[in-house]
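Participant: My structure is in work-v4.cif, and what it holds is mmCIF, C-alpha atoms and all ligand atoms:
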data_upload
loop_
_atom_site.group_PDB
_atom_site.id
_atom_site.type_symbol
_atom_site.label_atom_id
_atom_site.label_comp_id
_atom_site.auth_asym_id
_atom_site.auth_seq_id
_atom_site.Cartn_x
_atom_site.Cartn_y
_atom_site.Cartn_z
ATOM 1 C CA MET A 1 -46.621 7.753 -2.714
ATOM 2 C CA PRO A 2 -50.050 6.217 -3.455
ATOM 3 C CA THR A 3 -51.517 4.311 -0.513
ATOM 4 C CA PRO A 4 -51.672 0.557 -1.304
ATOM 5 C CA ALA A 5 -55.266 -0.735 -1.664
ATOM 6 C CA PRO A 6 -56.444 -2.088 1.696
ATOM 7 C CA ARG A 7 -57.738 -5.596 2.142
ATOM 8 C CA HIS A 8 -61.356 -5.733 3.299
ATOM 9 C CA PHE A 9 -63.476 -8.438 4.945
ATOM 10 C CA LEU A 10 -66.986 -7.742 3.692
ATOM 11 C CA SER A 11 -67.888 -11.378 3.127
ATOM 12 C CA LEU A 12 -66.540 -14.781 4.108
ATOM 13 C CA LEU A 13 -65.850 -15.221 0.397
ATOM 14 C CA ASP A 14 -63.148 -12.537 0.707
ATOM 15 C CA LEU A 15 -60.912 -15.270 2.189
ATOM 16 C CA SER A 16 -59.807 -18.353 0.282
ATOM 17 C CA GLY A 17 -60.334 -21.761 1.871
ATOM 18 C CA ASP A 18 -56.615 -21.944 2.746
ATOM 19 C CA GLU A 19 -56.644 -18.462 4.267
ATOM 20 C CA LEU A 20 -59.724 -19.288 6.279
ATOM 21 C CA ARG A 21 -58.184 -22.512 7.588
ATOM 22 C CA SER A 22 -54.979 -20.761 8.609
ATOM 23 C CA LEU A 23 -56.925 -17.916 10.248
ATOM 24 C CA LEU A 24 -58.860 -20.483 12.316
ATOM 25 C CA ALA A 25 -55.642 -22.205 13.367
ATOM 26 C CA ARG A 26 -54.224 -18.816 14.347
ATOM 27 C CA ALA A 27 -57.363 -18.085 16.401
ATOM 28 C CA VAL A 28 -56.777 -21.311 18.368
ATOM 29 C CA GLU A 29 -53.157 -20.245 18.901
ATOM 30 C CA LEU A 30 -54.095 -16.707 20.041
ATOM 31 C CA LYS A 31 -56.570 -18.239 22.509
ATOM 32 C CA ALA A 32 -53.816 -20.427 23.991
ATOM 33 C CA MET A 33 -51.441 -17.438 24.167
ATOM 34 C CA LEU A 34 -54.061 -15.432 26.051
ATOM 35 C CA ARG A 35 -54.601 -18.342 28.485
ATOM 36 C CA ARG A 36 -50.838 -18.309 29.133
ATOM 37 C CA SER A 37 -50.957 -14.499 29.620
ATOM 38 C CA GLU A 38 -48.374 -14.171 26.866
ATOM 39 C CA PRO A 39 -48.114 -10.523 25.788
ATOM 40 C CA HIS A 40 -48.783 -9.977 22.082
ATOM 41 C CA ALA A 41 -49.188 -6.414 20.829
ATOM 42 C CA PRO A 42 -48.857 -6.305 17.027
ATOM 43 C CA LEU A 43 -51.408 -3.466 16.823
ATOM 44 C CA ALA A 44 -49.648 -1.092 19.248
ATOM 45 C CA GLY A 45 -50.643 2.458 18.393
ATOM 46 C CA LYS A 46 -53.407 1.376 15.995
ATOM 47 C CA THR A 47 -57.066 2.283 16.220
ATOM 48 C CA LEU A 48 -60.188 0.478 15.038
ATOM 49 C CA GLY A 49 -63.273 2.615 14.372
ATOM 50 C CA MET A 50 -66.485 0.718 15.215
ATOM 51 C CA ILE A 51 -69.657 1.972 13.536
ATOM 52 C CA PHE A 52 -72.801 0.416 15.006
ATOM 53 C CA GLU A 53 -76.134 1.232 13.357
ATOM 54 C CA LYS A 54 -77.703 -1.796 15.099
ATOM 55 C CA SER A 55 -77.403 -3.113 18.658
ATOM 56 C CA SER A 56 -74.653 -5.480 19.776
ATOM 57 C CA THR A 57 -73.208 -7.142 22.841
ATOM 58 C CA ARG A 58 -70.766 -9.762 21.538
ATOM 59 C CA THR A 59 -69.424 -7.908 18.528
ATOM 60 C CA ARG A 60 -68.762 -4.667 20.349
ATOM 61 C CA VAL A 61 -67.174 -6.253 23.406
ATOM 62 C CA SER A 62 -65.045 -8.734 21.435
ATOM 63 C CA PHE A 63 -63.629 -6.037 19.159
ATOM 64 C CA GLU A 64 -63.016 -3.569 21.960
ATOM 65 C CA VAL A 65 -61.357 -6.146 24.210
ATOM 66 C CA GLY A 66 -59.521 -7.728 21.268
ATOM 67 C CA MET A 67 -58.003 -4.412 20.200
ATOM 68 C CA VAL A 68 -56.799 -3.714 23.754
ATOM 69 C CA GLN A 69 -55.264 -7.202 23.986
ATOM 70 C CA LEU A 70 -53.446 -6.636 20.672
ATOM 71 C CA GLY A 71 -51.997 -3.377 21.988
ATOM 72 C CA GLY A 72 -54.366 -1.053 20.116
ATOM 73 C CA HIS A 73 -57.495 0.923 20.779
ATOM 74 C CA ALA A 74 -61.118 0.803 19.624
ATOM 75 C CA LEU A 75 -63.465 3.729 19.109
ATOM 76 C CA PHE A 76 -67.254 3.232 19.412
ATOM 77 C CA LEU A 77 -69.131 5.375 16.860
ATOM 78 C CA SER A 78 -72.898 5.527 17.121
ATOM 79 C CA PRO A 79 -75.059 7.260 14.507
ATOM 80 C CA ARG A 80 -76.887 8.880 17.421
ATOM 81 C CA ASP A 81 -73.980 11.127 18.248
ATOM 82 C CA THR A 82 -71.889 11.342 15.082
ATOM 83 C CA GLN A 83 -72.628 13.064 11.767
ATOM 84 C CA LEU A 84 -73.315 9.597 10.308
ATOM 85 C CA GLY A 85 -76.784 9.805 11.823
ATOM 86 C CA ARG A 86 -77.369 13.271 10.378
ATOM 87 C CA GLY A 87 -76.958 12.306 6.753
ATOM 88 C CA GLU A 88 -73.263 12.935 6.047
ATOM 89 C CA PRO A 89 -72.628 10.907 2.871
ATOM 90 C CA ILE A 90 -71.139 7.483 3.501
ATOM 91 C CA GLU A 91 -68.387 8.227 0.953
ATOM 92 C CA ASP A 92 -67.317 11.344 2.887
ATOM 93 C CA SER A 93 -67.424 9.497 6.222
ATOM 94 C CA ALA A 94 -65.195 6.769 4.734
ATOM 95 C CA ARG A 95 -62.725 9.302 3.307
ATOM 96 C CA VAL A 96 -62.446 11.187 6.595
ATOM 97 C CA LEU A 97 -62.445 8.322 9.104
ATOM 98 C CA SER A 98 -59.951 6.271 7.111
ATOM 99 C CA ARG A 99 -57.445 9.154 7.284
ATOM 100 C CA MET A 100 -57.469 8.845 11.074
ATOM 101 C CA VAL A 101 -58.086 5.223 12.062
ATOM 102 C CA ASP A 102 -56.277 2.057 10.901
ATOM 103 C CA GLY A 103 -59.346 -0.108 10.368
ATOM 104 C CA VAL A 104 -63.125 0.279 10.402
ATOM 105 C CA MET A 105 -65.758 -2.206 11.515
ATOM 106 C CA ILE A 106 -69.360 -1.558 10.420
ATOM 107 C CA ARG A 107 -72.672 -3.072 11.537
ATOM 108 C CA THR A 108 -75.502 -1.770 9.411
ATOM 109 C CA PHE A 109 -78.615 -2.596 7.377
ATOM 110 C CA GLU A 110 -77.955 -2.529 3.603
ATOM 111 C CA HIS A 111 -74.972 -4.563 2.477
ATOM 112 C CA ALA A 112 -74.365 -2.009 -0.296
ATOM 113 C CA LYS A 113 -73.498 0.568 2.354
ATOM 114 C CA ILE A 114 -70.371 -1.277 3.523
ATOM 115 C CA GLU A 115 -69.354 -1.831 -0.107
ATOM 116 C CA VAL A 116 -69.579 1.910 -0.774
ATOM 117 C CA PHE A 117 -67.699 2.649 2.447
ATOM 118 C CA ALA A 118 -64.965 0.149 1.508
ATOM 119 C CA ARG A 119 -64.550 1.649 -1.970
ATOM 120 C CA HIS A 120 -63.778 5.035 -0.408
ATOM 121 C CA SER A 121 -61.693 3.800 2.518
ATOM 122 C CA ARG A 122 -57.895 3.853 2.730
ATOM 123 C CA VAL A 123 -57.958 1.254 5.517
ATOM 124 C CA PRO A 124 -59.440 -2.262 5.872
ATOM 125 C CA VAL A 125 -63.211 -2.426 6.371
ATOM 126 C CA ILE A 126 -64.802 -5.330 8.277
ATOM 127 C CA ASN A 127 -68.434 -6.414 7.938
ATOM 128 C CA ALA A 128 -69.753 -6.713 11.493
ATOM 129 C CA LEU A 129 -73.227 -7.765 10.215
ATOM 130 C CA THR A 130 -75.453 -6.492 7.444
ATOM 131 C CA ASP A 131 -78.952 -7.596 6.472
ATOM 132 C CA GLN A 132 -77.216 -9.870 3.963
ATOM 133 C CA GLU A 133 -74.251 -11.441 5.794
ATOM 134 C CA HIS A 134 -72.619 -12.006 9.185
ATOM 135 C CA PRO A 135 -69.202 -13.437 8.284
ATOM 136 C CA LEU A 136 -67.527 -12.768 11.665
ATOM 137 C CA GLN A 137 -69.882 -15.198 13.358
ATOM 138 C CA LEU A 138 -68.738 -17.919 10.974
ATOM 139 C CA LEU A 139 -65.130 -17.412 12.053
ATOM 140 C CA ALA A 140 -66.190 -18.130 15.649
ATOM 141 C CA ASP A 141 -68.463 -21.036 14.714
ATOM 142 C CA MET A 142 -65.807 -22.690 12.562
ATOM 143 C CA GLN A 143 -63.146 -22.189 15.259
ATOM 144 C CA THR A 144 -65.478 -23.866 17.746
ATOM 145 C CA TRP A 145 -66.004 -26.765 15.361
ATOM 146 C CA LEU A 146 -62.244 -27.062 14.782
ATOM 147 C CA GLU A 147 -61.557 -27.213 18.521
ATOM 148 C CA HIS A 148 -64.159 -29.919 19.103
ATOM 149 C CA ARG A 149 -64.165 -31.967 15.929
ATOM 150 C CA GLY A 150 -61.323 -30.930 13.588
ATOM 151 C CA ASP A 151 -61.729 -30.033 9.911
ATOM 152 C CA MET A 152 -65.186 -29.326 8.400
ATOM 153 C CA ARG A 153 -64.419 -31.072 5.123
ATOM 154 C CA GLY A 154 -67.038 -33.650 4.196
ATOM 155 C CA ARG A 155 -69.329 -32.868 7.152
ATOM 156 C CA THR A 156 -73.065 -32.188 6.981
ATOM 157 C CA VAL A 157 -74.536 -29.087 8.565
ATOM 158 C CA ALA A 158 -78.263 -28.469 9.019
ATOM 159 C CA TRP A 159 -79.459 -24.859 9.009
ATOM 160 C CA ILE A 160 -82.958 -24.725 10.490
ATOM 161 C CA GLY A 161 -85.115 -21.620 10.042
ATOM 162 C CA ASP A 162 -84.747 -18.231 8.450
ATOM 163 C CA GLY A 163 -82.714 -17.851 5.250
ATOM 164 C CA ASN A 164 -81.151 -14.729 6.782
ATOM 165 C CA ASN A 165 -77.721 -13.081 7.067
ATOM 166 C CA MET A 166 -76.359 -15.968 9.173
ATOM 167 C CA CYS A 167 -77.703 -18.537 6.718
ATOM 168 C CA HIS A 168 -76.006 -16.708 3.833
ATOM 169 C CA SER A 169 -72.665 -16.761 5.640
ATOM 170 C CA TYR A 170 -73.141 -20.498 6.324
ATOM 171 C CA ILE A 171 -73.657 -20.970 2.577
ATOM 172 C CA HIS A 172 -70.331 -19.198 2.003
ATOM 173 C CA ALA A 173 -68.625 -21.322 4.670
ATOM 174 C CA ALA A 174 -69.849 -24.506 2.952
ATOM 175 C CA GLN A 175 -68.241 -23.266 -0.265
ATOM 176 C CA ARG A 176 -64.926 -22.389 1.371
ATOM 177 C CA LEU A 177 -64.582 -25.287 3.849
ATOM 178 C CA ASP A 178 -66.024 -28.058 1.679
ATOM 179 C CA PHE A 179 -68.935 -29.218 3.827
ATOM 180 C CA HIS A 180 -72.514 -29.817 2.800
ATOM 181 C CA LEU A 181 -75.212 -27.458 4.059
ATOM 182 C CA ARG A 182 -78.850 -28.536 4.227
ATOM 183 C CA ILE A 183 -81.165 -25.580 4.703
ATOM 184 C CA ALA A 184 -84.746 -26.063 5.939
ATOM 185 C CA SER A 185 -86.802 -22.861 5.674
ATOM 186 C CA PRO A 186 -90.540 -22.245 5.444
ATOM 187 C CA GLU A 187 -91.982 -20.927 2.199
ATOM 188 C CA GLY A 188 -91.180 -17.269 1.691
ATOM 189 C CA TYR A 189 -88.230 -17.292 4.116
ATOM 190 C CA GLU A 190 -85.633 -19.069 1.960
ATOM 191 C CA PRO A 191 -82.100 -17.685 1.515
ATOM 192 C CA ASP A 192 -81.336 -15.388 -1.415
ATOM 193 C CA ALA A 193 -81.626 -17.384 -4.640
ATOM 194 C CA GLY A 194 -78.446 -15.889 -6.133
ATOM 195 C CA ILE A 195 -76.299 -16.662 -3.067
ATOM 196 C CA LEU A 196 -77.691 -20.197 -3.000
ATOM 197 C CA ALA A 197 -77.185 -20.768 -6.734
ATOM 198 C CA ALA A 198 -73.570 -19.561 -6.529
ATOM 199 C CA ALA A 199 -72.862 -22.321 -3.985
ATOM 200 C CA GLY A 200 -73.832 -25.045 -6.488
ATOM 201 C CA ASP A 201 -74.060 -28.480 -4.915
ATOM 202 C CA ALA A 202 -72.492 -27.356 -1.614
ATOM 203 C CA CYS A 203 -76.047 -26.586 -0.408
ATOM 204 C CA THR A 204 -79.472 -28.205 -0.574
ATOM 205 C CA LEU A 205 -82.698 -26.352 0.144
ATOM 206 C CA LEU A 206 -85.422 -28.387 1.868
ATOM 207 C CA ARG A 207 -88.751 -27.637 3.516
ATOM 208 C CA ASP A 208 -88.746 -30.333 6.204
ATOM 209 C CA PRO A 209 -86.538 -29.534 9.236
ATOM 210 C CA MET A 210 -86.474 -33.193 10.357
ATOM 211 C CA ALA A 211 -85.167 -34.276 6.958
ATOM 212 C CA ALA A 212 -82.506 -31.545 7.069
ATOM 213 C CA ALA A 213 -81.347 -32.626 10.536
ATOM 214 C CA THR A 214 -81.127 -36.338 9.747
ATOM 215 C CA ASP A 215 -77.552 -37.543 10.386
ATOM 216 C CA ALA A 216 -76.251 -33.961 10.525
ATOM 217 C CA ASP A 217 -72.924 -33.350 12.293
ATOM 218 C CA LEU A 218 -73.859 -29.800 13.263
ATOM 219 C CA VAL A 219 -77.283 -28.193 13.718
ATOM 220 C CA VAL A 220 -77.541 -24.398 13.601
ATOM 221 C CA THR A 221 -80.359 -21.917 13.949
ATOM 222 C CA ASP A 222 -80.965 -18.221 14.576
ATOM 223 C CA VAL A 223 -83.800 -15.939 15.630
ATOM 224 C CA TRP A 224 -86.939 -15.875 13.482
ATOM 225 C CA ALA A 225 -87.038 -12.061 13.353
ATOM 226 C CA SER A 226 -83.686 -10.353 12.879
ATOM 227 C CA MET A 227 -82.796 -6.788 13.816
ATOM 228 C CA GLY A 228 -84.895 -4.468 11.694
ATOM 229 C CA GLN A 229 -87.737 -7.029 11.388
ATOM 230 C CA GLU A 230 -89.238 -6.473 14.833
ATOM 231 C CA GLU A 231 -92.651 -5.504 13.455
ATOM 232 C CA GLU A 232 -92.821 -8.852 11.583
ATOM 233 C CA GLN A 233 -92.364 -10.848 14.810
ATOM 234 C CA ALA A 234 -95.944 -12.165 15.139
ATOM 235 C CA ARG A 235 -96.199 -13.137 11.460
ATOM 236 C CA ARG A 236 -92.831 -14.869 11.640
ATOM 237 C CA VAL A 237 -93.663 -16.826 14.808
ATOM 238 C CA ALA A 238 -96.646 -18.266 12.907
ATOM 239 C CA ALA A 239 -94.640 -18.982 9.739
ATOM 240 C CA PHE A 240 -91.828 -20.739 11.629
ATOM 241 C CA ALA A 241 -94.022 -23.043 13.726
ATOM 242 C CA GLY A 242 -92.463 -26.504 13.405
ATOM 243 C CA TYR A 243 -88.955 -25.074 12.836
ATOM 244 C CA GLN A 244 -87.829 -25.170 16.459
ATOM 245 C CA VAL A 245 -84.562 -26.935 17.241
ATOM 246 C CA ASN A 246 -85.642 -29.144 20.149
ATOM 247 C CA ASP A 247 -84.814 -32.589 21.524
ATOM 248 C CA ALA A 248 -86.901 -34.365 18.870
ATOM 249 C CA LEU A 249 -85.036 -32.606 16.077
ATOM 250 C CA MET A 250 -81.610 -33.140 17.678
ATOM 251 C CA ALA A 251 -82.481 -36.848 18.025
ATOM 252 C CA ARG A 252 -82.489 -37.040 14.208
ATOM 253 C CA ALA A 253 -78.926 -35.712 14.007
ATOM 254 C CA ARG A 254 -75.819 -37.809 14.681
ATOM 255 C CA PRO A 255 -75.443 -38.779 18.338
ATOM 256 C CA ASP A 256 -72.366 -36.562 18.692
ATOM 257 C CA ALA A 257 -73.889 -33.639 16.755
ATOM 258 C CA LEU A 258 -73.124 -30.147 18.025
ATOM 259 C CA PHE A 259 -75.697 -27.344 18.239
ATOM 260 C CA MET A 260 -74.712 -23.733 17.526
ATOM 261 C CA HIS A 261 -76.505 -20.382 17.723
ATOM 262 C CA CYS A 262 -74.945 -16.977 17.155
ATOM 263 C CA LEU A 263 -76.968 -15.487 20.054
ATOM 264 C CA PRO A 264 -78.971 -13.691 21.292
ATOM 265 C CA ALA A 265 -81.414 -16.646 21.442
ATOM 266 C CA HIS A 266 -85.144 -16.800 22.098
ATOM 267 C CA ARG A 267 -85.757 -19.947 24.152
ATOM 268 C CA GLY A 268 -89.104 -21.493 23.274
ATOM 269 C CA GLU A 269 -89.038 -20.026 19.749
ATOM 270 C CA GLU A 270 -86.214 -21.104 17.417
ATOM 271 C CA VAL A 271 -84.578 -23.282 20.103
ATOM 272 C CA SER A 272 -85.835 -25.101 23.192
ATOM 273 C CA ALA A 273 -84.162 -24.427 26.541
ATOM 274 C CA SER A 274 -83.382 -28.169 26.739
ATOM 275 C CA VAL A 275 -81.120 -27.917 23.663
ATOM 276 C CA ILE A 276 -79.352 -24.601 24.240
ATOM 277 C CA ASP A 277 -78.849 -25.167 27.971
ATOM 278 C CA ARG A 278 -77.543 -28.724 27.656
ATOM 279 C CA PRO A 279 -74.535 -29.146 29.981
ATOM 280 C CA ASP A 280 -72.319 -29.885 26.955
ATOM 281 C CA SER A 281 -73.660 -26.923 24.915
ATOM 282 C CA VAL A 282 -70.870 -25.208 22.966
ATOM 283 C CA VAL A 283 -72.754 -21.927 22.422
ATOM 284 C CA TRP A 284 -70.850 -20.133 25.201
ATOM 285 C CA GLU A 285 -67.497 -21.144 23.740
ATOM 286 C CA GLU A 286 -68.864 -20.149 20.355
ATOM 287 C CA ALA A 287 -69.543 -16.676 21.790
ATOM 288 C CA GLU A 288 -66.091 -16.508 23.413
ATOM 289 C CA ASN A 289 -64.460 -17.462 20.134
ATOM 290 C CA ARG A 290 -65.725 -14.219 18.604
ATOM 291 C CA LEU A 291 -62.852 -12.636 20.555
ATOM 292 C CA HIS A 292 -60.103 -15.008 19.461
ATOM 293 C CA SER A 293 -61.117 -15.369 15.817
ATOM 294 C CA GLN A 294 -61.566 -11.609 15.376
ATOM 295 C CA LYS A 295 -58.110 -11.028 16.853
ATOM 296 C CA ALA A 296 -56.754 -13.352 14.166
ATOM 297 C CA LEU A 297 -58.650 -11.332 11.546
ATOM 298 C CA LEU A 298 -57.419 -7.983 12.929
ATOM 299 C CA GLU A 299 -53.854 -9.315 12.805
ATOM 300 C CA LEU A 300 -54.305 -10.443 9.210
ATOM 301 C CA LEU A 301 -55.825 -7.158 8.016
ATOM 302 C CA MET A 302 -54.147 -4.545 10.189
ATOM 303 C CA ALA A 303 -50.792 -5.768 11.485
ATOM 304 C CA GLY A 304 -47.842 -4.724 9.364
ATOM 305 C CA ARG A 305 -49.751 -1.959 7.584
ATOM 306 C CA GLY A 306 -47.925 1.404 7.864
HETATM 307 N N1 LIG B 1 -73.815 -12.840 17.556
HETATM 308 C C1 LIG B 1 -73.693 -11.502 17.557
HETATM 309 O O1 LIG B 1 -73.260 -10.873 16.572
HETATM 310 O O2 LIG B 1 -74.028 -10.904 18.729
HETATM 311 P P1 LIG B 1 -74.218 -9.353 19.023
HETATM 312 O O3 LIG B 1 -75.424 -8.893 18.250
HETATM 313 O O4 LIG B 1 -74.409 -9.271 20.509
HETATM 314 O O5 LIG B 1 -72.987 -8.615 18.568
HETATM 315 N N1 LIG B 2 -79.873 -12.708 12.278
HETATM 316 C C1 LIG B 2 -79.623 -11.933 13.483
HETATM 317 C C2 LIG B 2 -78.208 -12.151 13.953
HETATM 318 C C3 LIG B 2 -77.846 -11.399 15.219
HETATM 319 C C4 LIG B 2 -76.428 -11.588 15.627
HETATM 320 C C5 LIG B 2 -79.878 -10.459 13.199
HETATM 321 O O1 LIG B 2 -79.480 -9.977 12.138
HETATM 322 O O2 LIG B 2 -80.484 -9.802 14.046
#
For the structure just supplied, provide its representation as structure tokens.
Facilitator:
Amino acid sequence: MPTPAPRHFLSLLDLSGDELRSLLARAVELKAMLRRSEPHAPLAGKTLGMIFEKSSTRTRVSFEVGMVQLGGHALFLSPRDTQLGRGEPIEDSARVLSRMVDGVMIRTFEHAKIEVFARHSRVPVINALTDQEHPLQLLADMQTWLEHRGDMRGRTVAWIGDGNNMCHSYIHAAQRLDFHLRIASPEGYEPDAGILAAAGDACTLLRDPMAAATDADLVVTDVWASMGQEEEQARRVAAFAGYQVNDALMARARPDALFMHCLPAHRGEEVSASVIDRPDSVVWEEAENRLHSQKALLELLMAGRG
């Protein structure tokens, strides 16, 4: 019998708006079930392979803990001590691993790599961050928004800073959840033109961070130098001067505006300590929601598959 084609999550665009909304509602439900210590093991006997070619705290811990809570098991695979780091073709790694595990999560550099892996995999593949996108973080951010403010439809979000992987996934979220995204990036650090163009009027690209933040419901930023760009740090600090999310910038947003950051954060660079450490900061819940929203995703992709 031919194996049915697996469903992958390589991009936020792999879910429809309705699917994304129901996944977020499920994440809220799974969080409440965990708080009540209600046992829920739909992934009993299943294994998630976790390939990390970049560092991680949140992603690794949330997947490992999430799999245990769902009754399954997670396997940490580092290129340092697997054949992946010694040049075994990605196609062969996908063919072999997907005959043993029930799902694979990959954090890597080139987005094309996870697409190749997915094409040769018999099991669902999840994008756990590439240079191009970080869709899992959007599940957590949008769950956090839902819990505090309800639906995203019609809201205005300000993205301040680098047009990076997180920014690209915010562009996708604006398309799927019907909010408007204003992006303020310095010259040369704008998001990918194709990703932006595909979003049509869901997004506006600006230069001025204050203009982007004006009357925004949600203000978001991320580090100025992402993983793999460490040697550009000094040049980027100079280029991003004036793009810090601080009290003056938050004062332009709506009085009840939320601030989010995927973490890890660099206080004094992209965000001031006064903003991220505000007593009502939701960034810690945002981090916790990586666990709940990814459990909802694992259920969607892996539960019920043979
Ligand atoms: N936000 C995020 O993906 O964190 P980690 O790099 O710690 O996984
Ligand atoms: N843009 C950051 C996100 C880290 C979670 C990076 O890619 O390093």
Participant: Would you list the contacts of A:Asp178 as JSON, numbers by chain, taking every protein, DNA or RNA residue within 9 Å and counting only C-alpha atoms, but skipping same-chain residues closer than 5 positions in sequence?
Facilitator: {"A": [17, 152, 153, 154, 155, 173, 202]}
Participant: What do you get as a PyMOL selection string if you pick all residues at most 9 Å from ligand LIG 2 (chain B), counting only C-alpha atoms and all ligand atoms?
Facilitator: chain A and resi 54-56+58-59+109+129-134+137+162+164-167+222-229+262-265
Participant: Which residues are near stretch 40-44 of chain A? Cut-off 7 Å, only C-alpha atoms, ignore same chain within fewer than 3 positions. Put them as a count of residues only.
Facilitator: 5
Participant: Provide the atom CA of A:Met302 to atom CA of A:Asp102 distance in Å, to one decimal place.
Facilitator: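 Going from atom CA of A:Met302 over to atom CA of A:Asp102, I get 7.0 Å.
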Participant: What would the selection look like, as a PyMOL selection string, if the PyMOL selection byres (((chain A and resi 276) around 9) and not hetatm) were run on the coordinates I just shared?
Facilitator: chain A and resi 246+259-261+265+267+271-275+277-279+281-283
Participant: Enumerate, as number ranges by chain, the residues matched when the PyMOL selection byres (((chain A and resi 254) around 10) and not hetatm) is run on the file above.
Facilitator: A: 156, 213-219, 250-253, 255-258
Participant: Return as a PDB file with C-alpha atoms, in the coordinates of the input the set of residues that the PyMOL selection byres (((chain A and resi 199) around 10) and not hetatm) yields on the displayed structure.
Facilitator:
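Dumped everything to out.pdb:
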ATOM      1  CA  ILE A 171     -73.657 -20.970   2.577  1.00  0.00           C
ATOM      2  CA  HIS A 172     -70.331 -19.198   2.003  1.00  0.00           C
ATOM      3  CA  ALA A 173     -68.625 -21.322   4.670  1.00  0.00           C
ATOM      4  CA  ALA A 174     -69.849 -24.506   2.952  1.00  0.00           C
ATOM      5  CA  GLN A 175     -68.241 -23.266  -0.265  1.00  0.00           C
ATOM      6  CA  ARG A 176     -64.926 -22.389   1.371  1.00  0.00           C
ATOM      7  CA  LEU A 181     -75.212 -27.458   4.059  1.00  0.00           C
ATOM      8  CA  GLY A 194     -78.446 -15.889  -6.133  1.00  0.00           C
ATOM      9  CA  ILE A 195     -76.299 -16.662  -3.067  1.00  0.00           C
ATOM     10  CA  LEU A 196     -77.691 -20.197  -3.000  1.00  0.00           C
ATOM     11  CA  ALA A 197     -77.185 -20.768  -6.734  1.00  0.00           C
ATOM     12  CA  ALA A 198     -73.570 -19.561  -6.529  1.00  0.00           C
ATOM     13  CA  GLY A 200     -73.832 -25.045  -6.488  1.00  0.00           C
ATOM     14  CA  ASP A 201     -74.060 -28.480  -4.915  1.00  0.00           C
ATOM     15  CA  ALA A 202     -72.492 -27.356  -1.614  1.00  0.00           C
ATOM     16  CA  CYS A 203     -76.047 -26.586  -0.408  1.00  0.00           C
ATOM     17  CA  THR A 204     -79.472 -28.205  -0.574  1.00  0.00           C
TER      18      THR A 204
END
Participant: Between atom CA of A:Pro135 and atom CA of A:Lys31, what is the distance in Å, rounded to a tenth?
Facilitator: 19.6 Å
Participant: Find the distance between atom CA of A:Glu91 and atom CA of A:Leu139 and write it in Å to one decimal.
Facilitator: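 Rounded to one decimal, the two atoms are 28.1 Å apart.
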Participant: For each of A:Trp284, A:Glu270, A:Ile114, A:Ser93, take the minimum atom-to-atom distance to ligand LIG 1 (chain B), counting only C-alpha atoms and all ligand atoms, then give the residue where this is smallest.
Facilitator: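 Smallest distance to ligand LIG 1 (chain B) is found for A:Trp284.
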Participant: Using all atoms listed in the file, which of the listed residues (A:Glu190, A:Val157, A:Val65, A:Arg236) sits closest to A:Leu34?
Facilitator: A:Val65
Participant: Using all atoms listed in the file, which residue out of A:Leu138, A:Leu249, A:Ala158, A:Leu10 lies closest to ligand LIG 1 (chain B)?
Facilitator: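 Comparing A:Leu138, A:Leu249, A:Ala158, A:Leu10 against ligand LIG 1 (chain B), the winner is A:Leu138.
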Participant: Produce the centre coordinates and the three edge lengths, each in Å to one decimal, of the box along x, y and z that contains all listed atoms of stretch 120-137 of chain A with 8 Å added on each side, as lines of an AutoDock Vina configuration file.
Facilitator:
center_x = -68.4
center_y = -5.1
center_z = 6.5
size_x = 37.1
size_y = 36.2
size_z = 29.8
Participant: Just checking: using all atoms listed in the file, which residue out of A:Ile90, A:Leu136, A:Ala118, A:Leu205 ends up closest to ligand LIG 1 (chain B)?
Facilitator: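 For ligand LIG 1 (chain B), the nearest of the given residues is A:Leu136.
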Participant: Which residue, A:Pro209, A:Trp159, A:Asp18, A:Ser11, has the smallest gap to A:Ala112 when you use all atoms listed in the file?
Facilitator: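 Result for the nearest residue to A:Ala112: A:Ser11.
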